[in-house]
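First up is the structure itself, then whatever we jot down about it.
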Amino acid sequence: MSTEYETLRWPTNLDRAGIELRLVQVRDYALANGLPDLAARFESLPTLTSAQLGAAVLGALNSLQKSKEHRQAITQLEMVAMNLKNLK
């Protein structure tokens, strides 16, 4: 997951597919960095309801809140959290 070209302007119009794509990146990051509990939150994304997906994102943000070394994942989760209103 590269944030080299990320700017402060985040997309606020991600649809469910865009949100799931970001969460797959978070899941892959978590698996690669020894965070199996975080990765498990985002298994079977298409089967999660909007409420379950939102709860998983907010729970993940809460669990990583003090982990500055995982800023890449936190940034993706923050971006998704801003777009949760778009879930149908």
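Residues are referred to by chain and number: the chain letter is A, B, ... according to the order shown in the structure tokens, the number counts from 1 in that chain, and ligands are numbered separately from 1 in the order shown.
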**OP:** Using only C-alpha atoms, determine which residues lie at most 12 Å from Asn62 (chain A), disregarding the query and same-chain residues fewer than 6 positions distant; provide the list as a ChimeraX atom specification.
**Re:** /A:38,55-56,74,77-78,81
Using the selection just defined, write its residues with C-alpha atoms as a PDB file, in the first residue's frame.
```
ATOM      1  CA  LEU A  38      -7.210  -6.517  12.044  1.00  0.00           C
ATOM      2  CA  ALA A  55     -18.632  -1.212  12.760  1.00  0.00           C
ATOM      3  CA  ALA A  56     -15.570  -3.086  11.462  1.00  0.00           C
ATOM      4  CA  ILE A  74      -4.937   4.183   9.605  1.00  0.00           C
ATOM      5  CA  LEU A  77      -9.387   3.449   7.339  1.00  0.00           C
ATOM      6  CA  GLU A  78      -9.905   7.173   7.914  1.00  0.00           C
ATOM      7  CA  ALA A  81     -14.752   6.173   7.475  1.00  0.00           C
TER       8      ALA A  81
END
```
**OP:** Fewer than 5 positions away in the same chain doesn't count, so skip those; otherwise give me all residues within 9 Å of Arg22 (chain A), counting only C-alpha atoms, as a list in words.
**Re:** Ala17, Arg27, Gln76, Leu77, Met79 and Val80 of chain A
Suppose we keep N, CA and C atoms; can you now write the selection as a CSV table (one decimal), in the first residue's frame?
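Final file, out-v3.csv:
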```
chain,number,residue,atom,x,y,z
A,17,ALA,N,-17.9,-0.5,-3.8
A,17,ALA,CA,-16.8,-1.1,-4.5
A,17,ALA,C,-15.5,-0.4,-4.1
A,27,ARG,N,-6.6,-5.0,4.7
A,27,ARG,CA,-6.4,-6.4,5.1
A,27,ARG,C,-5.1,-7.0,4.7
A,76,GLN,N,-5.9,4.8,5.4
A,76,GLN,CA,-6.9,4.1,4.5
A,76,GLN,C,-8.3,4.0,5.3
A,77,LEU,N,-8.2,3.6,6.5
A,77,LEU,CA,-9.4,3.4,7.3
A,77,LEU,C,-10.1,4.8,7.6
A,79,MET,N,-10.0,7.3,5.5
A,79,MET,CA,-10.6,7.6,4.2
A,79,MET,C,-11.9,6.9,4.0
A,80,VAL,N,-11.9,5.6,4.4
A,80,VAL,CA,-13.1,4.8,4.3
A,80,VAL,C,-14.2,5.3,5.3
```
**OP:** Within chain A, find each residue whose DSSP state, derived from the backbone, is alpha helix (DSSP H), and express the selection as number ranges by chain.
**Re:** A: 16-32, 36-40, 50-64, 71-83
Original post:
Which value, in Å to one decimal, gives the distance between CA of Asn83 (chain A) and CA of Leu31 (chain A)?
Top reply: 23.7 Å
Original post:
With only C-alpha atoms as the atoms that count, which of A:Asp28, A:Glu20, A:Asp37, A:Glu69 lies nearest to Leu53 (chain A)?
Top reply: A:Glu20
